[in-house]
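Content type TSV, C-alpha atoms, from the file final-v1.tsv:
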```tsv
chain	number	residue	atom	x	y	z
A	10	MET	CA	-38.19	70.04	-63.14
A	11	ILE	CA	-37.72	71.09	-66.78
A	12	LYS	CA	-34.49	69.69	-68.20
A	13	VAL	CA	-32.98	71.52	-71.17
A	14	MET	CA	-29.92	70.57	-73.23
A	15	PHE	CA	-28.60	73.14	-75.72
A	16	VAL	CA	-26.66	71.54	-78.58
A	17	CYS	CA	-24.25	72.73	-81.25
A	18	HIS	CA	-21.43	71.18	-83.24
A	19	GLY	CA	-18.50	71.68	-80.86
A	20	ASN	CA	-20.00	72.96	-77.57
A	21	ILE	CA	-17.57	75.87	-77.40
A	22	CYS	CA	-19.48	78.74	-79.08
A	23	ARG	CA	-23.24	78.70	-79.54
A	24	SER	CA	-24.54	76.07	-77.13
A	25	PRO	CA	-22.56	77.29	-74.10
A	26	MET	CA	-23.64	80.86	-74.93
A	27	ALA	CA	-27.26	79.67	-74.91
A	28	GLU	CA	-26.75	77.60	-71.76
A	29	TYR	CA	-25.25	80.40	-69.68
A	30	MET	CA	-27.55	83.11	-71.02
A	31	PHE	CA	-30.59	80.94	-70.29
A	32	ILE	CA	-29.37	80.19	-66.76
A	33	ASP	CA	-28.89	83.93	-66.22
A	34	MET	CA	-32.42	84.64	-67.50
A	35	ILE	CA	-34.11	82.11	-65.23
A	36	LYS	CA	-32.02	83.21	-62.23
A	37	LYS	CA	-33.13	86.81	-62.74
A	38	LYS	CA	-36.76	85.67	-62.95
A	39	GLY	CA	-36.35	83.66	-59.73
A	40	ILE	CA	-37.37	80.39	-61.38
A	41	ILE	CA	-34.06	78.57	-61.64
A	42	SER	CA	-35.27	75.88	-59.21
A	43	HIS	CA	-37.67	74.71	-61.94
A	44	PHE	CA	-34.83	73.93	-64.37
A	45	LEU	CA	-31.80	71.80	-65.09
A	46	VAL	CA	-29.79	73.33	-67.94
A	47	SER	CA	-26.72	72.06	-69.78
A	48	SER	CA	-25.10	72.07	-73.22
A	49	SER	CA	-23.23	69.58	-75.37
A	50	ALA	CA	-21.75	68.86	-78.80
A	51	THR	CA	-22.76	66.59	-81.63
A	52	SER	CA	-19.09	66.06	-82.56
A	53	TYR	CA	-15.95	64.97	-80.73
A	54	GLU	CA	-13.76	67.74	-82.19
A	55	GLU	CA	-13.67	70.10	-79.20
A	56	ILE	CA	-14.34	67.70	-76.30
A	57	GLY	CA	-12.52	68.90	-73.18
A	58	ASN	CA	-11.83	72.35	-74.58
A	59	GLY	CA	-13.04	75.48	-72.84
A	60	VAL	CA	-15.53	78.03	-74.12
A	61	HIS	CA	-14.32	79.96	-77.18
A	62	TYR	CA	-12.89	83.40	-76.34
A	63	GLY	CA	-15.57	85.11	-78.47
A	64	THR	CA	-18.36	83.53	-76.45
A	65	ARG	CA	-16.50	84.24	-73.20
A	66	ARG	CA	-16.23	87.91	-74.24
A	67	ILE	CA	-19.98	88.16	-74.85
A	68	LEU	CA	-20.82	86.42	-71.57
A	69	ASN	CA	-18.28	88.46	-69.58
A	70	ASN	CA	-19.78	91.68	-70.99
A	71	LEU	CA	-23.14	90.49	-69.67
A	72	GLY	CA	-21.62	89.73	-66.25
A	73	ILE	CA	-22.04	85.98	-66.79
A	74	ASP	CA	-19.29	83.62	-65.65
A	75	CYS	CA	-18.66	80.49	-67.74
A	76	ASN	CA	-15.29	79.56	-66.22
A	77	GLY	CA	-14.82	75.84	-65.83
A	78	LYS	CA	-17.13	74.87	-68.70
A	79	LYS	CA	-15.57	72.20	-70.91
A	80	ALA	CA	-17.05	70.85	-74.12
A	81	ILE	CA	-18.87	67.54	-73.70
A	82	LYS	CA	-20.37	65.14	-76.24
A	83	LEU	CA	-24.10	64.51	-76.43
A	84	GLU	CA	-24.71	60.84	-75.68
A	85	LYS	CA	-27.59	58.52	-76.55
A	86	SER	CA	-28.22	58.06	-72.81
A	87	ASP	CA	-28.98	61.81	-72.51
A	88	TYR	CA	-32.32	61.26	-74.21
A	89	ASP	CA	-33.92	59.91	-71.03
A	90	LYS	CA	-32.35	62.65	-68.88
A	91	TYR	CA	-33.67	65.76	-70.67
A	92	ASP	CA	-37.05	67.08	-71.82
A	93	TYR	CA	-35.84	69.50	-74.49
A	94	PHE	CA	-32.89	69.23	-76.87
A	95	ILE	CA	-32.37	72.63	-78.47
A	96	GLY	CA	-30.15	72.61	-81.55
A	97	MET	CA	-28.61	75.71	-83.03
A	98	ASP	CA	-29.00	74.66	-86.68
A	99	ASP	CA	-30.45	72.03	-89.02
A	100	TYR	CA	-27.22	70.02	-88.94
A	101	ASN	CA	-27.40	69.72	-85.13
A	102	VAL	CA	-31.06	68.71	-85.30
A	103	LEU	CA	-30.31	66.02	-87.90
A	104	ASN	CA	-27.42	64.65	-85.82
A	105	MET	CA	-29.64	64.48	-82.73
A	106	GLN	CA	-32.40	62.73	-84.69
A	107	ARG	CA	-29.88	60.16	-85.90
A	108	LEU	CA	-28.41	59.65	-82.43
A	109	PHE	CA	-31.78	59.29	-80.67
A	110	ASN	CA	-33.59	57.66	-83.61
A	111	THR	CA	-36.52	60.05	-83.11
A	112	ASP	CA	-37.45	63.68	-83.58
A	113	LYS	CA	-39.38	63.90	-80.31
A	114	LYS	CA	-38.01	66.41	-77.79
A	115	ILE	CA	-35.74	67.92	-80.49
A	116	TYR	CA	-36.16	71.56	-81.52
A	117	LYS	CA	-34.20	74.25	-83.30
A	118	LEU	CA	-33.79	77.35	-81.12
A	119	LEU	CA	-35.08	79.88	-83.63
A	120	GLU	CA	-38.27	77.92	-84.34
A	121	PHE	CA	-39.55	79.39	-81.06
A	122	ASN	CA	-39.46	82.91	-82.50
A	123	ASN	CA	-41.13	81.68	-85.71
A	124	THR	CA	-38.13	82.29	-87.98
A	125	ASN	CA	-36.90	78.68	-87.91
A	126	ARG	CA	-33.57	79.72	-89.36
A	127	ASP	CA	-30.17	78.61	-88.08
A	128	VAL	CA	-28.36	80.49	-85.34
A	129	LYS	CA	-25.40	82.06	-87.10
A	130	ASP	CA	-22.25	80.07	-86.40
A	131	PRO	CA	-19.44	82.40	-85.26
A	132	TRP	CA	-16.87	79.68	-85.95
A	133	TYR	CA	-17.42	80.52	-89.62
A	134	THR	CA	-18.68	84.10	-89.50
A	135	GLY	CA	-16.36	85.39	-86.76
A	136	ASN	CA	-19.27	87.57	-85.65
A	137	PHE	CA	-20.17	86.63	-82.07
A	138	ASP	CA	-22.41	89.70	-81.74
A	139	GLU	CA	-24.74	88.37	-84.49
A	140	THR	CA	-24.78	84.99	-82.77
A	141	PHE	CA	-25.61	86.68	-79.46
A	142	GLU	CA	-28.58	88.48	-81.05
A	143	ASP	CA	-29.89	85.23	-82.56
A	144	ILE	CA	-29.54	83.38	-79.27
A	145	LYS	CA	-31.08	86.20	-77.23
A	146	ASP	CA	-34.12	86.30	-79.53
A	147	GLY	CA	-34.49	82.53	-79.51
A	148	LEU	CA	-34.08	82.21	-75.73
A	149	ASN	CA	-36.69	84.89	-75.02
A	150	ALA	CA	-39.19	83.07	-77.24
A	151	PHE	CA	-38.24	79.66	-75.80
A	152	LEU	CA	-38.64	80.87	-72.22
A	153	ASN	CA	-42.04	82.39	-73.01
A	154	TYR	CA	-43.06	79.05	-74.57
A	155	LEU	CA	-41.94	77.15	-71.45
A	156	LEU	CA	-43.62	79.57	-69.04
A	157	LYS	CA	-46.96	79.11	-70.83
A	158	LYS	CA	-46.64	75.37	-71.41
A	159	HIS	CA	-45.56	74.54	-67.86
A	160	ASN	CA	-47.57	77.23	-66.05
A	161	ILE	CA	-44.57	78.71	-64.28
```

Rendering of file as structure tokens:
Amino acid sequence: MIKVMFVCHGNICRSPMAEYMFIDMIKKKGIISHFLVSSSATSYEEIGNGVHYGTRRILNNLGIDCNGKKAIKLEKSDYDKYDYFIGMDDYNVLNMQRLFNTDKKIYKLLEFNNTNRDVKDPWYTGNFDETFEDIKDGLNAFLNYLLKKHNI
């Protein structure tokens, strides 16, 4: 089983969008049984809050249900539970490296499509469509990487 944790600052915009889009992708490919997928935050600011309405709108338009998702905090104990920690930006990656005291298993989503830039943060830009495009591109490249690496 491949265990993936998507991570952003608050776990209400980017990381839940990535989590639910990735789950949808692997369901459609019939390989969901090979994966455990979740998302979390590097901060405590939004813990317990639901998915941001902008992310919900994007997911709903895709026919993806995220009802019931509440923001959770990434914990040090998560390191042993997951194989991949996928941050949305440099700040998330740095916070994970500090928390886990290593850079192993930690990636930035858009490094998989060879741009290595940050996923645009709609909390600041207000543009959830741009964020969706970044995440879609990154997830496609990440899934292709996993399919090759794990011979799925």

(message) Using all atoms listed in the file, which protein or nucleic acid residues come within 10 Å of Asn125 of chain A? Drop anything in the same chain fewer than 6 positions from it, and give the result as a VMD selection string.
(response) chain A and resid 98 to 99 116 to 119 147

Would you place a box with edges along x, y and z of the file around all atoms of segment 32-43 of chain A listed there, add 3 Å to each of its six sides, and report the centre and edge lengths in Å to one decimal, as AutoDock Vina command-line options?
```
--center_x -33.3 --center_y 80.8 --center_z -63.4 --size_x 14.8 --size_y 18.1 --size_z 14.3
```

Return as CSV the residues of segment 53-94 of chain A lying at most 7 Å from segment 20-40 of chain A, together with the closest atom-to-atom pair for each and the distance in Å to one decimal, counting only C-alpha atoms, with rows in chain order and ascending residue number.
```
residue,atom,partner,partner_atom,distance
A:Gly59,CA,A:Ile21,CA,6.4
A:Val60,CA,A:Ile21,CA,4.4
A:His61,CA,A:Ile21,CA,5.2
A:Thr64,CA,A:Cys22,CA,5.6
A:Cys75,CA,A:Tyr29,CA,6.9
A:Ala80,CA,A:Asn20,CA,5.0
A:Ile81,CA,A:Asn20,CA,6.8
```

(request) Could you tell me which of A:Asp127, A:Asn122, A:Phe141, A:His43 comes closest to Asn153 of chain A if we count only C-alpha atoms? (result)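 Between A:Asp127, A:Asn122, A:Phe141, A:His43, the residue approaching Asn153 of chain A most closely is A:Asn122.
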
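Comparing the minimum interatomic distances between Phe109 of chain A and each of A:Thr51, A:Asn123, A:Thr140, A:Ser42, counting all atoms listed in the file, we find that A:Thr51 sits nearest.
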
(message) Give me, as a list of chain:residue names, all polymer residues having an atom no more than 10 Å from Asp74 of chain A, counting only C-alpha atoms and skipping those fewer than 3 positions away in the same chain.
(response) A:Tyr29, A:Met30, A:Asp33, A:Arg65, A:Leu68, A:Asn69, A:Asn70, A:Leu71, A:Gly77, A:Lys78

(message) What's the separation between atom CA of Tyr154 of chain A and atom CA of Lys82 of chain A, in Å to one decimal place?
(response) 26.7 Å

(message) One number please: atom CA of Met14 of chain A to atom CA of Met97 of chain A, in Å, one decimal.
(response)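 Straight-line distance from atom CA of Met14 of chain A to atom CA of Met97 of chain A works out to 11.1 Å.
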
(request) Quick one: pull the distance between atom CA of Lys90 of chain A and atom CA of Tyr62 of chain A, Å, one decimal. (result)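 Between these atoms lies a distance of 29.4 Å.
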
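If all atoms listed in the file are the atoms counted, then among A:Leu103, A:Asn110, A:Gly135, A:Lys79 the closest residue to Ser47 of chain A is A:Lys79.
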
(request) Excluding Lys114 of chain A and residues on its chain fewer than 3 positions from it, collect all residues at most 12 Å away from it, counting only C-alpha atoms, and give them as a ChimeraX atom specification. (result) /A:11-15,87-96,102,105-106,109-111,117

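Taking all atoms listed in the file into account, Gly63 of chain A lies nearest to A:Asp130 out of the set A:Asp143, A:Phe121, A:Phe151, A:Asp130.
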
(request) Check the smallest atom-to-atom distance from each of A:Leu148, A:Leu155, A:Cys17, A:Ile41 to Pro131 of chain A using only C-alpha atoms, then report the winner. (result)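 The answer is A:Cys17, which sits nearest to Pro131 of chain A.
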